[in-house]
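So this one's structure_36.cif, mmCIF, C-alpha atoms; chains and numbers go by the auth columns:
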```
data_target
#
loop_
_atom_site.group_PDB
_atom_site.id
_atom_site.type_symbol
_atom_site.label_atom_id
_atom_site.label_comp_id
_atom_site.label_asym_id
_atom_site.label_seq_id
_atom_site.Cartn_x
_atom_site.Cartn_y
_atom_site.Cartn_z
_atom_site.B_iso_or_equiv
_atom_site.auth_seq_id
_atom_site.auth_asym_id
ATOM 1 C CA MET A 1 23.527 -17.764 0.806 0.00 5 P
ATOM 2 C CA ARG A 2 22.728 -15.164 3.465 0.00 6 P
ATOM 3 C CA ARG A 3 23.732 -12.395 1.059 0.00 7 P
ATOM 4 C CA PHE A 4 20.989 -13.574 -1.292 0.00 8 P
ATOM 5 C CA TRP A 5 18.291 -13.394 1.432 0.00 9 P
ATOM 6 C CA ASP A 6 19.611 -10.005 2.614 0.00 10 P
ATOM 7 C CA GLY A 7 19.567 -8.713 -0.955 0.00 11 P
ATOM 8 C CA LEU A 8 16.068 -10.058 -1.524 0.00 12 P
ATOM 9 C CA ALA A 9 14.862 -8.266 1.620 0.00 13 P
ATOM 10 C CA GLY A 10 16.390 -4.974 0.462 0.00 14 P
ATOM 11 C CA GLY A 11 15.070 -5.393 -3.064 0.00 15 P
ATOM 12 C CA LEU A 12 11.537 -6.135 -1.871 0.00 16 P
ATOM 13 C CA LEU A 13 11.608 -3.168 0.475 0.00 17 P
ATOM 14 C CA VAL A 14 12.657 -0.832 -2.318 0.00 18 P
ATOM 15 C CA LEU A 15 10.130 -2.337 -4.764 0.00 19 P
ATOM 16 C CA TRP A 16 7.307 -2.005 -2.250 0.00 20 P
ATOM 17 C CA ILE A 17 8.049 1.495 -0.980 0.00 21 P
ATOM 18 C CA GLY A 18 9.222 2.876 -4.330 0.00 22 P
ATOM 19 C CA GLY A 19 6.162 1.412 -6.022 0.00 23 P
ATOM 20 C CA MET A 20 3.843 2.954 -3.458 0.00 24 P
ATOM 21 C CA TRP A 21 5.357 6.396 -3.997 0.00 25 P
ATOM 22 C CA ALA A 22 5.504 6.057 -7.791 0.00 26 P
ATOM 23 C CA ILE A 23 1.895 4.961 -8.133 0.00 27 P
ATOM 24 C CA GLY A 24 0.292 6.985 -5.364 0.00 28 P
ATOM 25 C CA TYR A 25 2.049 10.268 -5.886 0.00 29 P
ATOM 26 C CA VAL A 26 3.090 10.174 -9.558 0.00 30 P
ATOM 27 C CA ALA A 27 1.066 7.755 -11.710 0.00 31 P
ATOM 28 C CA ALA A 28 -2.399 8.281 -10.196 0.00 32 P
ATOM 29 C CA PRO A 29 -2.224 12.097 -10.261 0.00 33 P
ATOM 30 C CA VAL A 30 -0.933 11.974 -13.854 0.00 34 P
ATOM 31 C CA LEU A 31 -3.848 9.724 -14.857 0.00 35 P
ATOM 32 C CA PHE A 32 -6.424 12.080 -13.355 0.00 36 P
ATOM 33 C CA ALA A 33 -4.728 15.174 -14.782 0.00 37 P
ATOM 34 C CA ASN A 34 -4.401 13.847 -18.320 0.00 38 P
ATOM 35 C CA LEU A 35 -7.325 11.546 -18.982 0.00 39 P
ATOM 36 C CA GLY A 36 -10.553 13.315 -19.826 0.00 40 P
ATOM 37 C CA ASP A 37 -12.578 10.404 -18.477 0.00 41 P
ATOM 38 C CA LYS A 38 -12.274 10.460 -14.671 0.00 42 P
ATOM 39 C CA GLN A 39 -14.019 7.072 -14.393 0.00 43 P
ATOM 40 C CA LEU A 40 -11.338 5.530 -16.612 0.00 44 P
ATOM 41 C CA ALA A 41 -8.595 7.285 -14.638 0.00 45 P
ATOM 42 C CA GLY A 42 -10.098 5.953 -11.413 0.00 46 P
ATOM 43 C CA MET A 43 -10.384 2.435 -12.780 0.00 47 P
ATOM 44 C CA LEU A 44 -6.757 2.434 -13.969 0.00 48 P
ATOM 45 C CA ALA A 45 -5.497 3.947 -10.711 0.00 49 P
ATOM 46 C CA GLY A 46 -7.510 1.361 -8.784 0.00 50 P
ATOM 47 C CA ARG A 47 -5.875 -1.460 -10.712 0.00 51 P
ATOM 48 C CA LEU A 48 -2.423 -0.005 -10.052 0.00 52 P
ATOM 49 C CA PHE A 49 -3.194 0.283 -6.337 0.00 53 P
ATOM 50 C CA ALA A 50 -4.451 -3.318 -6.301 0.00 54 P
ATOM 51 C CA VAL A 51 -1.200 -4.551 -7.866 0.00 55 P
ATOM 52 C CA MET A 52 0.760 -2.560 -5.281 0.00 56 P
ATOM 53 C CA ALA A 53 -1.347 -4.031 -2.483 0.00 57 P
ATOM 54 C CA TRP A 54 -0.412 -7.566 -3.565 0.00 58 P
ATOM 55 C CA ILE A 55 3.247 -6.570 -3.890 0.00 59 P
ATOM 56 C CA GLY A 56 3.028 -5.047 -0.410 0.00 60 P
ATOM 57 C CA ILE A 57 1.415 -8.161 1.068 0.00 61 P
ATOM 58 C CA ALA A 58 4.089 -10.410 -0.429 0.00 62 P
ATOM 59 C CA ALA A 59 6.957 -8.070 0.514 0.00 63 P
ATOM 60 C CA ALA A 60 5.706 -7.573 4.067 0.00 64 P
ATOM 61 C CA ALA A 61 5.199 -11.295 4.605 0.00 65 P
ATOM 62 C CA TYR A 62 8.728 -12.005 3.417 0.00 66 P
ATOM 63 C CA LEU A 63 10.261 -9.163 5.441 0.00 67 P
ATOM 64 C CA LEU A 64 8.527 -10.227 8.654 0.00 68 P
ATOM 65 C CA ILE A 65 9.494 -13.875 8.241 0.00 69 P
ATOM 66 C CA TYR A 66 13.021 -12.966 7.155 0.00 70 P
ATOM 67 C CA ARG A 67 13.599 -10.735 10.183 0.00 71 P
ATOM 68 C CA PHE A 68 12.122 -13.296 12.564 0.00 72 P
ATOM 69 C CA VAL A 69 14.260 -16.127 11.141 0.00 73 P
ATOM 70 C CA ARG A 70 17.351 -13.930 11.093 0.00 74 P
ATOM 71 C CA ASP A 71 16.990 -12.295 14.506 0.00 75 P
ATOM 72 C CA GLY A 72 14.677 -14.613 16.420 0.00 76 P
ATOM 73 C CA VAL A 73 12.491 -13.164 19.137 0.00 77 P
ATOM 74 C CA THR A 74 14.588 -9.980 19.224 0.00 78 P
ATOM 75 C CA ALA A 75 13.004 -9.070 15.883 0.00 79 P
ATOM 76 C CA LEU A 76 9.852 -8.326 17.871 0.00 80 P
ATOM 77 C CA LYS A 77 11.705 -5.550 19.682 0.00 81 P
ATOM 78 C CA THR A 78 12.624 -3.614 16.544 0.00 82 P
ATOM 79 C CA LEU A 79 10.974 -0.616 14.946 0.00 83 P
ATOM 80 C CA PHE A 80 11.490 -2.241 11.542 0.00 84 P
ATOM 81 C CA PHE A 81 9.428 -5.316 12.422 0.00 85 P
ATOM 82 C CA TRP A 82 6.508 -3.346 13.861 0.00 86 P
ATOM 83 C CA ALA A 83 6.517 -0.727 11.095 0.00 87 P
ATOM 84 C CA VAL A 84 6.314 -3.500 8.475 0.00 88 P
ATOM 85 C CA ALA A 85 3.574 -5.232 10.496 0.00 89 P
ATOM 86 C CA LEU A 86 1.592 -1.973 10.703 0.00 90 P
ATOM 87 C CA MET A 87 2.058 -1.329 6.985 0.00 91 P
ATOM 88 C CA LEU A 88 0.852 -4.850 6.261 0.00 92 P
ATOM 89 C CA ALA A 89 -2.212 -4.334 8.462 0.00 93 P
ATOM 90 C CA LEU A 90 -2.997 -1.046 6.700 0.00 94 P
ATOM 91 C CA THR A 91 -2.544 -2.684 3.302 0.00 95 P
ATOM 92 C CA LEU A 92 -4.902 -5.516 4.250 0.00 96 P
ATOM 93 C CA ALA A 93 -7.466 -3.065 5.673 0.00 97 P
ATOM 94 C CA GLY A 94 -7.346 -0.958 2.529 0.00 98 P
ATOM 95 C CA HIS A 95 -7.381 -3.776 0.002 0.00 99 P
ATOM 96 C CA PHE A 96 -9.848 -6.138 1.663 0.00 100 P
ATOM 97 C CA GLY A 97 -11.887 -3.650 3.714 0.00 101 P
ATOM 98 C CA ILE A 98 -12.081 -0.190 2.193 0.00 102 P
ATOM 99 C CA GLN A 99 -11.672 -0.975 -1.509 0.00 103 P
ATOM 100 C CA PRO A 100 -14.622 -3.432 -1.601 0.00 104 P
ATOM 101 C CA ILE A 101 -16.824 -0.775 0.044 0.00 105 P
ATOM 102 C CA MET A 102 -15.757 1.793 -2.542 0.00 106 P
ATOM 103 C CA GLN A 103 -16.353 -0.699 -5.368 0.00 107 P
ATOM 104 C CA SER A 104 -19.800 -1.468 -3.994 0.00 108 P
ATOM 105 C CA LEU A 105 -20.657 2.231 -4.026 0.00 109 P
ATOM 106 C CA LYS A 106 -19.452 2.485 -7.638 0.00 110 P
ATOM 107 C CA ASP A 107 -21.552 -0.542 -8.585 0.00 111 P
ATOM 108 C CA GLN A 108 -24.645 0.878 -6.877 0.00 112 P
ATOM 109 C CA ALA A 109 -24.211 4.168 -8.722 0.00 113 P
ATOM 110 C CA MET A 110 -24.227 2.519 -12.154 0.00 114 P
ATOM 111 C CA PRO A 111 -24.980 3.585 -14.860 0.00 115 P
ATOM 112 C CA HIS A 112 -23.826 6.943 -13.479 0.00 116 P
ATOM 113 C CA ALA A 113 -20.390 7.847 -12.207 0.00 117 P
ATOM 114 C CA VAL A 114 -20.250 7.477 -8.441 0.00 118 P
ATOM 115 C CA MET A 115 -19.368 11.158 -7.992 0.00 119 P
ATOM 116 C CA GLN A 116 -22.537 12.106 -9.916 0.00 120 P
ATOM 117 C CA SER A 117 -24.732 9.904 -7.743 0.00 121 P
ATOM 118 C CA VAL A 118 -26.339 9.935 -4.314 0.00 122 P
ATOM 119 C CA PHE A 119 -23.345 7.873 -3.145 0.00 123 P
ATOM 120 C CA ALA A 120 -20.831 10.663 -3.811 0.00 124 P
ATOM 121 C CA ASP A 121 -20.534 11.765 -0.166 0.00 125 P
ATOM 122 C CA ARG A 122 -20.009 8.239 1.144 0.00 126 P
ATOM 123 C CA PHE A 123 -17.510 7.476 -1.620 0.00 127 P
ATOM 124 C CA ALA A 124 -15.594 10.681 -0.880 0.00 128 P
ATOM 125 C CA ARG A 125 -15.443 9.813 2.839 0.00 129 P
ATOM 126 C CA TRP A 126 -14.127 6.295 2.186 0.00 130 P
ATOM 127 C CA HIS A 127 -11.688 7.663 -0.391 0.00 131 P
ATOM 128 C CA GLY A 128 -10.429 10.105 2.237 0.00 132 P
ATOM 129 C CA VAL A 129 -9.947 7.308 4.789 0.00 133 P
ATOM 130 C CA SER A 130 -8.121 5.266 2.167 0.00 134 P
ATOM 131 C CA SER A 131 -5.889 8.220 1.283 0.00 135 P
ATOM 132 C CA ILE A 132 -4.978 8.822 4.930 0.00 136 P
ATOM 133 C CA LEU A 133 -4.067 5.164 5.428 0.00 137 P
ATOM 134 C CA TYR A 134 -1.975 5.280 2.245 0.00 138 P
ATOM 135 C CA LEU A 135 -0.180 8.406 3.455 0.00 139 P
ATOM 136 C CA ILE A 136 0.619 6.718 6.776 0.00 140 P
ATOM 137 C CA GLN A 137 1.988 3.700 4.905 0.00 141 P
ATOM 138 C CA SER A 138 4.044 5.945 2.627 0.00 142 P
ATOM 139 C CA VAL A 139 5.631 7.797 5.528 0.00 143 P
ATOM 140 C CA LEU A 140 6.334 4.551 7.402 0.00 144 P
ATOM 141 C CA GLY A 141 7.887 3.199 4.213 0.00 145 P
ATOM 142 C CA LEU A 142 10.239 6.156 3.943 0.00 146 P
ATOM 143 C CA LEU A 143 11.174 5.665 7.575 0.00 147 P
ATOM 144 C CA LEU A 144 11.970 2.003 6.880 0.00 148 P
ATOM 145 C CA VAL A 145 14.157 2.803 3.892 0.00 149 P
ATOM 146 C CA TRP A 146 15.953 5.542 5.822 0.00 150 P
ATOM 147 C CA ARG A 147 16.482 3.349 8.907 0.00 151 P
ATOM 148 C CA SER A 148 17.573 0.303 6.909 0.00 152 P
ATOM 149 C CA GLY A 149 20.517 2.129 5.402 0.00 153 P
ATOM 150 C CA LEU A 150 19.294 1.652 1.840 0.00 154 P
ATOM 151 C CA ALA A 151 19.022 5.390 1.399 0.00 155 P
ATOM 152 C CA LYS A 152 22.766 5.845 2.025 0.00 156 P
#
```
Rendering of file as structure tokens:
Amino acid sequence: MRRFWDGLAGGLLVLWIGGMWAIGYVAAPVLFANLGDKQLAGMLAGRLFAVMAWIGIAAAAYLLIYRFVRDGVTALKTLFFWAVALMLALTLAGHFGIQPIMQSLKDQAMPHAVMQSVFADRFARWHGVSSILYLIQSVLGLLLVWRSGLAK
């Protein structure tokens, strides 16, 4: 039975990190490069990021619990545990903190696009913060995959 839980942990890690890279660095840029309507591209990218946030929350919760059950208190002394915890915190901050602010700015800008409104500077700043947090998560994710031996 332990093989199942080990396999689930590895599968969730790959789904989470691979999904982050695929959406953040492949799908979203392709949407913005190929759709003429940047509002539509932003809306679709936002939905993809929201799905990835929920996948990340579920994966991180499982990975933290799994490691704690498997290793006990020693799990708290591992880079893996704290990297996942930090990634979870960044995911929660982005999804429940930054994204609602950005959505509020979009709503306030209506009927205009947020980047054609007086809210453009604030939106760009929050988008930049969100992008930096996402980059940190992405790099931590690569570190986790590399350190877990899944990249071998």
- Task: Compile the contact shell of P:Ala128 as a ChimeraX atom specification: residues with an atom at most 12 Å away, counting all atoms listed in the file, same-chain residues fewer than 2 positions apart removed.
- Result: /P:102,105-106,109-110,118-126,130-135
- Message: Just checking: using only C-alpha atoms, which residue out of P:Gln43, P:Ile140, P:Ala49, P:Gly22 ends up closest to P:Pro115?
- Response: P:Gln43
- Message: Ranking P:Ala79, P:Leu19, P:Leu35, P:Ala117 by minimum distance to P:Gly145 and counting only C-alpha atoms, which one comes first?
- Response: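 Result for the nearest residue to P:Gly145: P:Leu19.
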- Item | Within 9 Å of file point (4.5, 3.4, 3.9), counting only C-alpha atoms, expressed as a list in words | Trp20, Ile21, Met24, Trp25, Ala87, Val88, Met91, Leu137, Tyr138, Leu139, Ile140, Gln141, Ser142, Val143, Leu144, Gly145, Leu146, Leu147 and Leu148 of chain P
- Task: Using atom CA of P:Leu16 and atom CA of P:Ala63 as the two end points, give the distance in Å to one decimal.
- Result: 5.5 Å
- Mind listing as a list in words all residues within 12 Å of (-6.5, 9.7, -12.2), counting only C-alpha atoms?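 So the residues meeting the distance criterion are Ile27, Gly28, Tyr29, Val30, Ala31, Ala32, Pro33, Val34, Leu35, Phe36, Ala37, Asn38, Leu39, Gly40, Asp41, Lys42, Gln43, Leu44, Ala45, Gly46, Met47, Leu48, Ala49, Gly50, Arg51, Leu52 and Phe53 of chain P.
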Let me know the centre plus edge lengths, in Å and rounded to one decimal, of a box with edges along x, y and z that contains all listed atoms of stretch 21-25 of chain P and is padded by 4 Å on every side, as AutoDock Vina command-line options.
```
--center_x 6.5 --center_y 3.9 --center_z -3.5 --size_x 13.4 --size_y 13.0 --size_z 13.0
```
- Query: For P:Gln103, which residue among P:Arg74, P:Trp86, P:Ile136, P:Ala54 is the nearest when counting only C-alpha atoms?
  - Reply: P:Ala54
Applying 9 Å and only C-alpha atoms, which residues near P:Tyr70 remain after dropping the ones on its own chain fewer than 3 positions away? List them as a PDB file with C-alpha atoms, in the coordinates of the input.
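Listing of part19.pdb after writing:
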```pdb
ATOM      1  CA  TRP P   9      18.291 -13.394   1.432  1.00  0.00           C
ATOM      2  CA  ASP P  10      19.611 -10.005   2.614  1.00  0.00           C
ATOM      3  CA  ALA P  13      14.862  -8.266   1.620  1.00  0.00           C
ATOM      4  CA  ALA P  65       5.199 -11.295   4.605  1.00  0.00           C
ATOM      5  CA  TYR P  66       8.728 -12.005   3.417  1.00  0.00           C
ATOM      6  CA  LEU P  67      10.261  -9.163   5.441  1.00  0.00           C
ATOM      7  CA  VAL P  73      14.260 -16.127  11.141  1.00  0.00           C
ATOM      8  CA  ARG P  74      17.351 -13.930  11.093  1.00  0.00           C
ATOM      9  CA  ASP P  75      16.990 -12.295  14.506  1.00  0.00           C
TER      10      ASP P  75
END
```
- Message: Between atom CA of P:Trp150 and atom CA of P:Leu92, what is the distance in Å, rounded to a tenth?
- Response: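 These atoms are spaced 18.3 Å apart.
Minimum distance to P:Leu68 across P:Leu80, P:Met56, P:Val149, P:Leu94 (counting only C-alpha atoms) occurs at P:Leu80.
The coordinates place atom CA of P:Gly76 at 26.9 Å from atom CA of P:Ala57.
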- Item | Proximity to P:Gly15 - best of P:Ala64, P:Ala113, P:Arg129, P:Ala89, all atoms listed in the file | P:Ala64
- Message: Could you check the closest approach to P:Gly98 for each of P:Leu17, P:Ile61, P:Val77, P:Met114 and tell me which residue wins, using only C-alpha atoms?
- Response: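 Of P:Leu17, P:Ile61, P:Val77, P:Met114, the one nearest P:Gly98 is P:Ile61, counting only C-alpha atoms.
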